[in-house]
$ cat model_32.tsv   # TSV, C-alpha atoms and all ligand atoms
chain	number	residue	atom	x	y	z
A	1	MET	CA	0.00	0.00	0.00
A	2	GLU	CA	1.32	3.47	-0.92
A	3	MET	CA	2.03	5.71	2.08
A	4	GLN	CA	-0.06	8.90	2.23
A	5	GLU	CA	2.22	11.95	2.35
A	6	THR	CA	1.51	14.31	5.26
A	7	VAL	CA	0.68	17.77	4.01
A	8	TYR	CA	0.97	20.38	6.75
A	9	ASP	CA	-1.07	23.54	6.60
A	10	VAL	CA	2.06	25.56	7.25
A	11	ALA	CA	5.80	24.84	7.23
A	12	ILE	CA	8.00	27.36	9.03
A	13	ILE	CA	11.71	27.44	8.29
A	14	GLY	CA	13.50	28.95	11.29
A	15	GLY	CA	12.62	28.35	14.93
A	16	GLY	CA	13.79	31.58	16.53
A	17	ALA	CA	11.46	34.09	18.22
A	18	ALA	CA	9.71	34.91	14.92
A	19	GLY	CA	9.24	31.33	13.71
A	20	LEU	CA	8.10	29.92	17.06
A	21	SER	CA	5.63	32.76	17.59
A	22	ALA	CA	4.13	32.17	14.14
A	23	ALA	CA	3.93	28.46	15.03
A	24	GLN	CA	2.15	29.23	18.30
A	25	ALA	CA	-0.47	31.43	16.61
A	26	LEU	CA	-1.08	28.77	13.96
A	27	GLY	CA	-0.98	25.79	16.33
A	28	ARG	CA	-3.54	27.45	18.59
A	29	SER	CA	-5.66	28.00	15.46
A	30	ARG	CA	-5.73	24.21	15.07
A	31	ARG	CA	-3.50	24.28	12.00
A	32	ALA	CA	-1.11	21.42	11.23
A	33	VAL	CA	2.28	23.08	11.60
A	34	VAL	CA	5.88	21.96	11.21
A	35	VAL	CA	8.90	24.06	12.23
A	36	ILE	CA	12.26	23.24	10.67
A	37	ASP	CA	15.07	24.70	12.73
A	38	ALA	CA	18.86	24.53	12.47
A	39	GLY	CA	19.14	25.80	16.08
A	40	GLU	CA	21.50	28.74	15.56
A	41	PRO	CA	19.62	31.90	16.61
A	42	ARG	CA	21.48	35.10	16.02
A	43	ASN	CA	21.78	36.07	19.67
A	44	ALA	CA	23.17	32.68	20.77
A	45	PRO	CA	26.64	34.15	21.53
A	46	ALA	CA	25.07	36.39	24.23
A	47	ALA	CA	24.61	34.89	27.68
A	48	ALA	CA	21.56	37.02	28.48
A	49	MET	CA	18.69	38.66	26.63
A	50	HIS	CA	17.35	42.09	27.54
A	51	ASN	CA	14.44	44.37	26.63
A	52	PHE	CA	11.92	41.53	26.60
A	53	LEU	CA	9.44	42.44	29.31
A	54	SER	CA	9.06	39.66	31.89
A	55	ARG	CA	12.10	37.74	30.48
A	56	ASP	CA	14.86	40.28	31.18
A	57	GLY	CA	18.23	38.53	31.59
A	58	MET	CA	16.99	35.15	30.39
A	59	ASN	CA	19.42	33.07	28.33
A	60	PRO	CA	18.36	33.42	24.65
A	61	LEU	CA	18.47	29.66	24.09
A	62	GLU	CA	16.32	29.06	27.18
A	63	LEU	CA	13.63	31.37	25.76
A	64	LEU	CA	13.43	29.21	22.65
A	65	GLU	CA	13.47	25.98	24.67
A	66	VAL	CA	10.49	27.23	26.69
A	67	GLY	CA	8.81	28.29	23.43
A	68	ARG	CA	9.27	24.85	21.85
A	69	ALA	CA	7.88	23.18	24.99
A	70	GLU	CA	4.77	25.40	24.83
A	71	LEU	CA	4.12	24.29	21.25
A	72	VAL	CA	3.83	20.61	22.14
A	73	LYS	CA	0.26	20.89	23.43
A	74	TYR	CA	-0.84	22.50	20.17
A	75	GLY	CA	0.54	19.60	18.14
A	76	VAL	CA	3.23	21.67	16.41
A	77	GLU	CA	6.09	19.47	15.19
A	78	VAL	CA	9.65	20.76	15.40
A	79	ILE	CA	12.30	19.11	13.22
A	80	ARG	CA	15.84	20.01	14.28
A	81	THR	CA	17.67	20.17	10.96
A	82	ARG	CA	18.49	22.59	8.14
A	83	ALA	CA	16.14	23.24	5.23
A	84	LEU	CA	18.16	22.96	2.03
A	85	ASP	CA	15.73	24.05	-0.67
A	86	SER	CA	12.00	24.52	-1.31
A	87	ARG	CA	10.04	24.01	-4.51
A	88	ARG	CA	6.48	24.30	-5.76
A	89	SER	CA	4.50	21.07	-5.53
A	90	ALA	CA	0.90	19.87	-5.74
A	91	ALA	CA	0.54	20.51	-2.00
A	92	GLY	CA	1.86	24.06	-2.32
A	93	PHE	CA	5.49	23.73	-1.26
A	94	THR	CA	7.86	20.82	-0.70
A	95	ILE	CA	10.96	21.44	1.39
A	96	THR	CA	14.09	19.29	1.20
A	97	LEU	CA	15.68	18.82	4.60
A	98	GLY	CA	19.24	18.17	5.71
A	99	ASN	CA	18.18	14.87	7.29
A	100	ASP	CA	17.39	13.41	3.82
A	101	THR	CA	13.63	13.80	4.18
A	102	GLU	CA	11.08	16.18	2.69
A	103	VAL	CA	8.01	17.92	4.09
A	104	SER	CA	5.12	19.46	2.19
A	105	ALA	CA	2.82	22.28	3.22
A	106	ARG	CA	0.16	24.56	1.80
A	107	ARG	CA	1.95	27.71	2.97
A	108	LEU	CA	5.57	28.49	3.79
A	109	ILE	CA	6.90	30.99	6.32
A	110	LEU	CA	10.57	31.89	6.25
A	111	ALA	CA	11.85	33.10	9.63
A	112	THR	CA	15.53	32.37	9.19
A	113	GLY	CA	16.88	35.58	10.75
A	114	LEU	CA	20.10	37.16	9.57
A	115	LYS	CA	23.84	36.56	9.78
A	116	ASP	CA	26.13	39.08	11.50
A	117	GLN	CA	29.31	39.37	9.45
A	118	LEU	CA	32.02	40.83	11.69
A	119	PRO	CA	34.93	42.90	10.41
A	120	ASP	CA	38.05	40.77	10.01
A	121	ILE	CA	40.01	42.10	13.00
A	122	PRO	CA	42.17	39.55	14.86
A	123	GLY	CA	40.80	38.79	18.35
A	124	LEU	CA	37.40	40.40	17.75
A	125	ALA	CA	35.08	37.48	16.96
A	126	LYS	CA	35.60	35.55	20.22
A	127	HIS	CA	34.17	38.48	22.22
A	128	TRP	CA	31.07	38.94	20.02
A	129	GLY	CA	27.88	39.21	22.03
A	130	ASN	CA	29.72	39.74	25.33
A	131	ASP	CA	32.18	42.63	25.34
A	132	VAL	CA	32.04	43.28	21.59
A	133	LEU	CA	28.59	44.75	21.01
A	134	HIS	CA	26.44	46.45	18.43
A	135	CYS	CA	23.19	47.38	20.17
A	136	PRO	CA	22.99	49.67	23.22
A	137	PHE	CA	19.43	48.52	23.96
A	138	CYS	CA	20.58	44.89	24.15
A	139	HIS	CA	23.78	45.43	26.15
A	140	GLY	CA	24.28	49.12	27.01
A	141	TRP	CA	23.30	48.65	30.66
A	142	GLU	CA	25.80	45.79	31.02
A	143	VAL	CA	28.73	48.02	29.96
A	144	LYS	CA	27.62	51.20	31.73
A	145	ASP	CA	30.45	53.41	33.03
A	146	LEU	CA	33.10	51.22	31.35
A	147	ARG	CA	35.70	52.47	28.86
A	148	LEU	CA	34.03	51.95	25.49
A	149	GLY	CA	35.69	51.99	22.07
A	150	VAL	CA	33.62	52.47	18.91
A	151	ILE	CA	35.12	50.95	15.75
A	152	ASP	CA	34.51	53.02	12.62
A	153	SER	CA	31.61	51.99	10.35
A	154	ALA	CA	28.64	53.49	8.53
A	155	MET	CA	26.86	53.81	11.91
A	156	ALA	CA	29.86	54.74	14.08
A	157	MET	CA	28.81	58.37	14.58
A	158	HIS	CA	25.35	57.25	15.69
A	159	GLN	CA	26.76	54.55	17.97
A	160	ALA	CA	29.38	56.86	19.51
A	161	GLN	CA	26.70	59.44	20.29
A	162	LEU	CA	24.21	56.92	21.64
A	163	PHE	CA	26.63	55.05	23.90
A	164	THR	CA	27.46	58.29	25.79
A	165	GLN	CA	24.14	57.69	27.54
A	166	TRP	CA	25.72	54.65	29.18
A	167	SER	CA	29.30	55.81	29.67
A	168	LYS	CA	31.15	59.12	29.85
A	169	ASN	CA	34.26	57.32	28.57
A	170	VAL	CA	33.65	56.73	24.87
A	171	THR	CA	36.41	56.72	22.24
A	172	LEU	CA	35.77	56.67	18.50
A	173	PHE	CA	38.50	54.92	16.52
A	174	LYS	CA	38.14	56.89	13.33
A	175	ASP	CA	39.46	55.55	10.03
A	176	PRO	CA	41.94	58.32	9.00
A	177	ASN	CA	40.96	57.79	5.35
A	178	LYS	CA	37.41	58.94	6.08
A	179	VAL	CA	36.67	62.58	6.82
A	180	LEU	CA	34.59	63.80	9.76
A	181	SER	CA	32.64	66.94	8.97
A	182	ALA	CA	33.02	70.00	11.18
A	183	GLN	CA	29.47	69.41	12.42
A	184	GLU	CA	30.24	65.80	13.37
A	185	ARG	CA	33.41	66.84	15.20
A	186	GLU	CA	31.45	69.46	17.13
A	187	GLN	CA	28.75	66.93	18.05
A	188	LEU	CA	31.33	64.47	19.34
A	189	GLU	CA	33.08	67.22	21.30
A	190	ALA	CA	29.79	68.32	22.86
A	191	LEU	CA	29.14	64.77	24.05
A	192	GLY	CA	32.70	64.30	25.29
A	193	VAL	CA	33.61	61.56	22.80
A	194	ARG	CA	37.36	61.22	22.31
A	195	VAL	CA	38.40	60.75	18.66
A	196	ILE	CA	41.51	58.75	17.75
A	197	GLU	CA	42.38	58.83	14.07
A	198	ALA	CA	43.60	55.25	13.59
A	199	VAL	CA	42.30	51.86	12.47
A	200	VAL	CA	41.88	49.06	15.01
A	201	THR	CA	44.22	46.26	13.85
A	202	GLU	CA	43.82	43.82	16.77
A	203	VAL	CA	41.69	43.30	19.86
A	204	LEU	CA	43.72	42.58	22.99
A	205	SER	CA	42.32	40.29	25.69
A	206	GLU	CA	43.14	39.27	29.22
A	207	ASP	CA	41.39	36.46	31.15
A	208	GLY	CA	38.79	36.21	28.36
A	209	PHE	CA	37.85	39.90	28.51
A	210	VAL	CA	38.60	42.75	26.12
A	211	GLN	CA	41.53	44.67	27.52
A	212	GLY	CA	42.30	47.10	24.71
A	213	VAL	CA	43.11	47.54	21.05
A	214	GLU	CA	46.21	47.70	18.90
A	215	LEU	CA	46.04	50.59	16.41
A	216	SER	CA	47.39	51.21	12.91
A	217	ASP	CA	49.70	53.96	14.20
A	218	GLY	CA	51.49	51.37	16.36
A	219	THR	CA	49.96	52.55	19.65
A	220	GLN	CA	47.63	50.70	22.00
A	221	CYS	CA	44.53	52.00	23.75
A	222	GLU	CA	42.91	50.45	26.81
A	223	VAL	CA	39.16	49.81	26.58
A	224	ASP	CA	36.82	47.44	28.43
A	225	ALA	CA	34.34	46.83	25.60
A	226	LEU	CA	34.04	47.54	21.88
A	227	VAL	CA	31.11	48.69	19.78
A	228	ILE	CA	30.92	47.66	16.12
A	229	LEU	CA	28.43	47.41	13.29
A	230	PRO	CA	28.45	43.96	11.68
A	231	ASN	CA	27.34	43.65	8.08
A	232	PHE	CA	23.84	42.13	8.21
A	233	ASP	CA	23.33	39.41	5.62
A	234	VAL	CA	20.46	37.03	4.90
A	235	ASP	CA	20.67	33.51	3.51
A	236	VAL	CA	17.81	32.66	1.15
A	237	SER	CA	19.39	29.45	-0.18
A	238	CYS	CA	16.66	27.32	1.46
A	239	VAL	CA	14.16	28.83	-1.01
A	240	LYS	CA	16.53	29.19	-3.99
A	241	SER	CA	14.27	27.20	-6.34
A	242	LEU	CA	11.41	29.59	-5.53
A	243	GLY	CA	13.51	32.55	-6.67
A	244	LEU	CA	13.30	34.75	-3.55
A	245	VAL	CA	15.89	37.52	-3.80
A	246	ALA	CA	17.54	39.56	-1.02
A	247	GLN	CA	18.16	43.29	-1.48
A	248	GLU	CA	20.54	45.90	-0.11
A	249	HIS	CA	18.96	47.81	2.80
A	250	ALA	CA	18.69	51.55	2.05
A	251	SER	CA	20.55	52.42	5.27
A	252	GLY	CA	23.69	50.59	4.08
A	253	ILE	CA	23.65	48.08	6.98
A	254	GLY	CA	23.49	45.01	4.73
A	255	ARG	CA	20.84	42.87	3.05
A	256	TYR	CA	17.22	41.97	3.88
A	257	VAL	CA	14.16	40.76	1.99
A	258	PRO	CA	11.34	43.29	1.52
A	259	VAL	CA	7.72	42.18	1.96
A	260	ASP	CA	4.32	43.87	1.87
A	261	ASP	CA	2.76	45.29	5.06
A	262	GLY	CA	1.42	41.86	6.02
A	263	GLY	CA	4.68	39.95	5.57
A	264	GLN	CA	3.78	38.39	2.22
A	265	THR	CA	6.34	38.09	-0.59
A	266	GLU	CA	5.65	38.36	-4.30
A	267	ILE	CA	5.82	34.55	-4.40
A	268	SER	CA	2.28	33.38	-3.73
A	269	GLY	CA	2.02	31.46	-0.44
A	270	LEU	CA	5.48	32.46	0.82
A	271	TRP	CA	5.56	34.71	3.89
A	272	LEU	CA	8.45	36.15	5.92
A	273	ALA	CA	8.88	37.21	9.54
A	274	GLY	CA	11.56	38.51	11.90
A	275	ASN	CA	15.09	39.73	11.20
A	276	ILE	CA	15.06	38.53	7.57
A	277	VAL	CA	12.54	41.32	6.92
A	278	ASN	CA	13.53	43.82	9.61
A	279	PRO	CA	17.23	43.63	10.56
A	280	MET	CA	16.67	46.09	13.44
A	281	ALA	CA	13.95	44.01	15.14
A	282	GLN	CA	14.78	42.92	18.67
A	283	VAL	CA	13.50	39.61	20.05
A	284	ILE	CA	10.12	40.89	21.24
A	285	MET	CA	9.60	42.63	17.88
A	286	ALA	CA	10.57	39.51	15.92
A	287	ALA	CA	8.15	37.51	18.09
A	288	ALA	CA	5.37	40.05	17.46
A	289	ASP	CA	6.08	39.96	13.74
A	290	GLY	CA	5.89	36.16	13.75
A	291	LEU	CA	2.57	36.28	15.62
A	292	GLY	CA	1.16	38.77	13.09
A	293	VAL	CA	2.31	36.76	10.10
A	294	GLY	CA	0.94	33.57	11.67
A	295	THR	CA	-2.52	35.10	12.04
A	296	ARG	CA	-2.48	36.43	8.48
A	297	VAL	CA	-1.39	33.07	7.05
A	298	ASN	CA	-4.26	31.50	8.99
A	299	ALA	CA	-6.69	34.01	7.42
A	300	ASP	CA	-5.23	33.30	3.97
A	301	LEU	CA	-5.83	29.56	4.45
A	302	MET	CA	-9.34	30.28	5.72
A	303	GLN	CA	-10.13	32.24	2.54
A	304	GLU	CA	-8.91	29.34	0.39
A	305	GLU	CA	-11.06	26.89	2.38
A	306	LEU	CA	-14.08	29.18	2.20
A	307	ALA	CA	-13.72	29.51	-1.59
A	308	HIS	CA	-13.55	25.71	-1.88
A	309	LYS	CA	-16.62	25.20	0.34
A	310	LEU	CA	-18.59	27.86	-1.55
A	311	SER	CA	-17.89	26.17	-4.89
A	312	GLN	CA	-18.92	22.79	-3.41
A	313	LEU	CA	-22.15	24.31	-2.04
A	314	ARG	CA	-22.98	25.89	-5.40
A	315	LEU	CA	-22.26	22.62	-7.20
A	316	CYS	CA	-24.64	20.82	-4.81
A	317	LYS	CA	-27.35	23.41	-5.35
A	318	THR	CA	-27.11	23.26	-9.16
A	319	ALA	CA	-27.24	19.42	-9.01
A	320	ILE	CA	-30.57	19.49	-7.11
B	401	LIG	C1	24.94	39.20	19.94
B	401	LIG	C2	23.50	39.61	19.89
B	401	LIG	C3	22.82	39.88	21.05
B	401	LIG	C4	21.48	40.26	21.00
B	401	LIG	N1	20.87	40.57	22.16
B	401	LIG	C5	19.57	40.92	22.14
B	401	LIG	C6	18.90	41.26	23.35
B	401	LIG	O1	19.48	41.27	24.44
B	401	LIG	N2	17.58	41.59	23.27
B	401	LIG	C7	16.90	41.61	22.09
B	401	LIG	O2	15.71	41.88	22.10
B	401	LIG	N3	17.53	41.31	20.93
B	401	LIG	C8	18.83	40.95	20.93
B	401	LIG	N4	19.47	40.64	19.76
B	401	LIG	C9	18.68	40.60	18.51
B	401	LIG	C10	18.03	39.20	18.35
B	401	LIG	O3	19.06	38.26	18.13
B	401	LIG	C11	17.05	39.17	17.20
B	401	LIG	O4	16.04	40.14	17.43
B	401	LIG	C12	16.32	37.83	17.08
B	401	LIG	O5	17.24	36.77	17.12
B	401	LIG	C13	15.51	37.78	15.78
B	401	LIG	O6	14.73	36.60	15.78
B	401	LIG	P1	14.47	35.78	14.44
B	401	LIG	O7	13.52	34.71	14.84
B	401	LIG	O8	14.11	36.68	13.33
B	401	LIG	O9	15.89	35.14	14.04
B	401	LIG	P2	16.82	34.13	14.85
B	401	LIG	O10	16.63	34.28	16.30
B	401	LIG	O11	18.19	34.33	14.32
B	401	LIG	O12	16.28	32.70	14.44
B	401	LIG	C14	16.43	32.18	13.15
B	401	LIG	C15	16.45	30.67	13.24
B	401	LIG	O13	16.37	30.14	11.91
B	401	LIG	C16	17.30	29.08	11.80
B	401	LIG	N5	17.63	28.89	10.39
B	401	LIG	C17	18.29	29.71	9.55
B	401	LIG	N6	18.39	29.15	8.32
B	401	LIG	C18	17.79	27.94	8.40
B	401	LIG	C19	17.58	26.88	7.49
B	401	LIG	N7	17.99	26.95	6.21
B	401	LIG	N8	16.95	25.76	7.91
B	401	LIG	C20	16.50	25.67	9.19
B	401	LIG	N9	16.67	26.64	10.11
B	401	LIG	C21	17.31	27.76	9.71
B	401	LIG	C22	18.49	29.53	12.65
B	401	LIG	O14	19.32	28.43	12.96
B	401	LIG	C23	17.74	30.12	13.85
B	401	LIG	O15	17.46	29.13	14.82
B	401	LIG	C24	20.82	40.33	19.77
B	401	LIG	C25	21.52	40.06	18.57
B	401	LIG	C26	22.85	39.72	18.63
B	401	LIG	C27	23.60	39.44	17.35

$ encode --input "model_32.tsv" --output "structure tokens"
Amino acid sequence: MEMQETVYDVAIIGGGAAGLSAAQALGRSRRAVVVIDAGEPRNAPAAAMHNFLSRDGMNPLELLEVGRAELVKYGVEVIRTRALDSRRSAAGFTITLGNDTEVSARRLILATGLKDQLPDIPGLAKHWGNDVLHCPFCHGWEVKDLRLGVIDSAMAMHQAQLFTQWSKNVTLFKDPNKVLSAQEREQLEALGVRVIEAVVTEVLSEDGFVQGVELSDGTQCEVDALVILPNFDVDVSCVKSLGLVAQEHASGIGRYVPVDDGGQTEISGLWLAGNIVNPMAQVIMAAADGLGVGTRVNADLMQEELAHKLSQLRLCKTAI
């Protein structure tokens, strides 16, 4: 006897805050849902998560563990593997998984987050998420009153200004090949930001903590934490056969995938949520986005079912 293929209502690639929230909304709506998750959320290098009301300081991986446990009672399945590609099929979409299986679903939500590409500075990467930071709202409180160094980038002026709210000891390591305008210099002076015209060539550590930086002019500068802007990139290879394309973000921070106001792409049935759409979204925002997309995908399925039932009803009536 031929095995009947399971067709889920919704497959969600990515089980971070966005994907799990979409799964919760859909599971509670009695939809058959599968989440495919490679288990590498963006904030995994950080020991604690902040700015999530009622979960302040929680380990980011623990949040997702609790989320997955909550989904069990709604019958949501979570498959811990990587999605390799997705194609159109009779069901809607069929996704090829890294564990040599496939799943099919009527709708597909991509909540795969983004990748932080760090500048190639020796010693920097091992501190990422602890004392090498990008977001004052995530970690500013944790480095308050410390000696902070801002590494030059497209957002360095903004970061240098913002971090003075947390520390009066902020140094901007300014690339000497880039020019600061008179207005920028005045702004930095007004906020008490020290400017050193040199490139950071190495991050110096002691006992696992940032101790300072080596500079292109041969000098060293002591700092306790560094602020950088990674390049944000998105990986859409798990939907390459569907033709989804990432774009450069207008702000110059990297790539994202634009969607309409509801999270829908131009590819019918494919929806997006979380950092893949909004690189600036924090965890609670990614979760809210996932919830919103989940409810809209549910409504979209409902419309399809209603259309089918209406045509059946009309057929019945004409047959009588
Ligand atoms: C170091 C650091 C610290 C941060 N700290 C905070 C903080 O304190 N507070 C805060 O609010 N925000 C913080 N953020 C931001 C936070 O990480 C994001 O808001 C959040 O992770 C976005 O959720 P998401 O679900 O969109 O993506 P993610 O959390 O990145 O989840 C995406 C998931 O999709 C999976 N995935 C990707 N591709 C595939 C594939 N092909 N197949 C299967 N699975 C796949 C990944 O493995 C991952 O599990 C921090 C970010 C960084 C980098």

$ closest_atom_pairs --input "model_32.tsv" --of "stretch 97-167 of chain A" --to "stretch 174-198 of chain A" --cutoff "9 Å" --atoms "all atoms listed in the file" --output "JSON lines"
{"residue": "A:Val150", "atom": "CA", "partner": "A:Lys174", "partner_atom": "CA", "distance": 8.4}
{"residue": "A:Ile151", "atom": "CA", "partner": "A:Lys174", "partner_atom": "CA", "distance": 7.1}
{"residue": "A:Asp152", "atom": "CA", "partner": "A:Lys174", "partner_atom": "CA", "distance": 5.4}
{"residue": "A:Ser153", "atom": "CA", "partner": "A:Asp175", "partner_atom": "CA", "distance": 8.6}
{"residue": "A:Ala156", "atom": "CA", "partner": "A:Lys174", "partner_atom": "CA", "distance": 8.6}
{"residue": "A:Met157", "atom": "CA", "partner": "A:Glu184", "partner_atom": "CA", "distance": 7.7}
{"residue": "A:Ala160", "atom": "CA", "partner": "A:Val193", "partner_atom": "CA", "distance": 7.1}
{"residue": "A:Gln161", "atom": "CA", "partner": "A:Leu188", "partner_atom": "CA", "distance": 6.9}
{"residue": "A:Thr164", "atom": "CA", "partner": "A:Leu191", "partner_atom": "CA", "distance": 6.9}

$ residues_around --input "model_32.tsv" --residues "A:Gly263" --least-positions-apart "5" --cutoff "7 Å" --atoms "all atoms listed in the file" --output "list in words"
Trp271, Leu272, Ala273 and Val293 of chain A

$ residues_near_ligand --input "model_32.tsv" --ligand "ligand LIG 401 (chain B)" --cutoff "6 Å" --atoms "only C-alpha atoms and all ligand atoms" --output "ChimeraX atom specification"
/A:13-19,36-43,45-46,49-52,81-84,111-114,129,138,238,274-275,281-284,286

$ closest_residue --input "model_32.tsv" --among "A:Glu142, A:Lys317, A:Val203, A:Ala288" --to "A:Ala23" --atoms "all atoms listed in the file"
A:Ala288

$ residues_around --input "model_32.tsv" --residues "A:Ser268" --least-positions-apart "3" --cutoff "12 Å" --atoms "all atoms listed in the file" --output "ChimeraX atom specification"
/A:88,92-93,106-109,242-244,259,263-265,271-272,297,300

$ axis_aligned_box --input "model_32.tsv" --around "stretch 204-212 of chain A" --padding-each-side "4 Å" --output "lines of an AutoDock Vina configuration file"
center_x = 40.8
center_y = 41.7
center_z = 27.1
size_x = 13.9
size_y = 18.9
size_z = 16.2
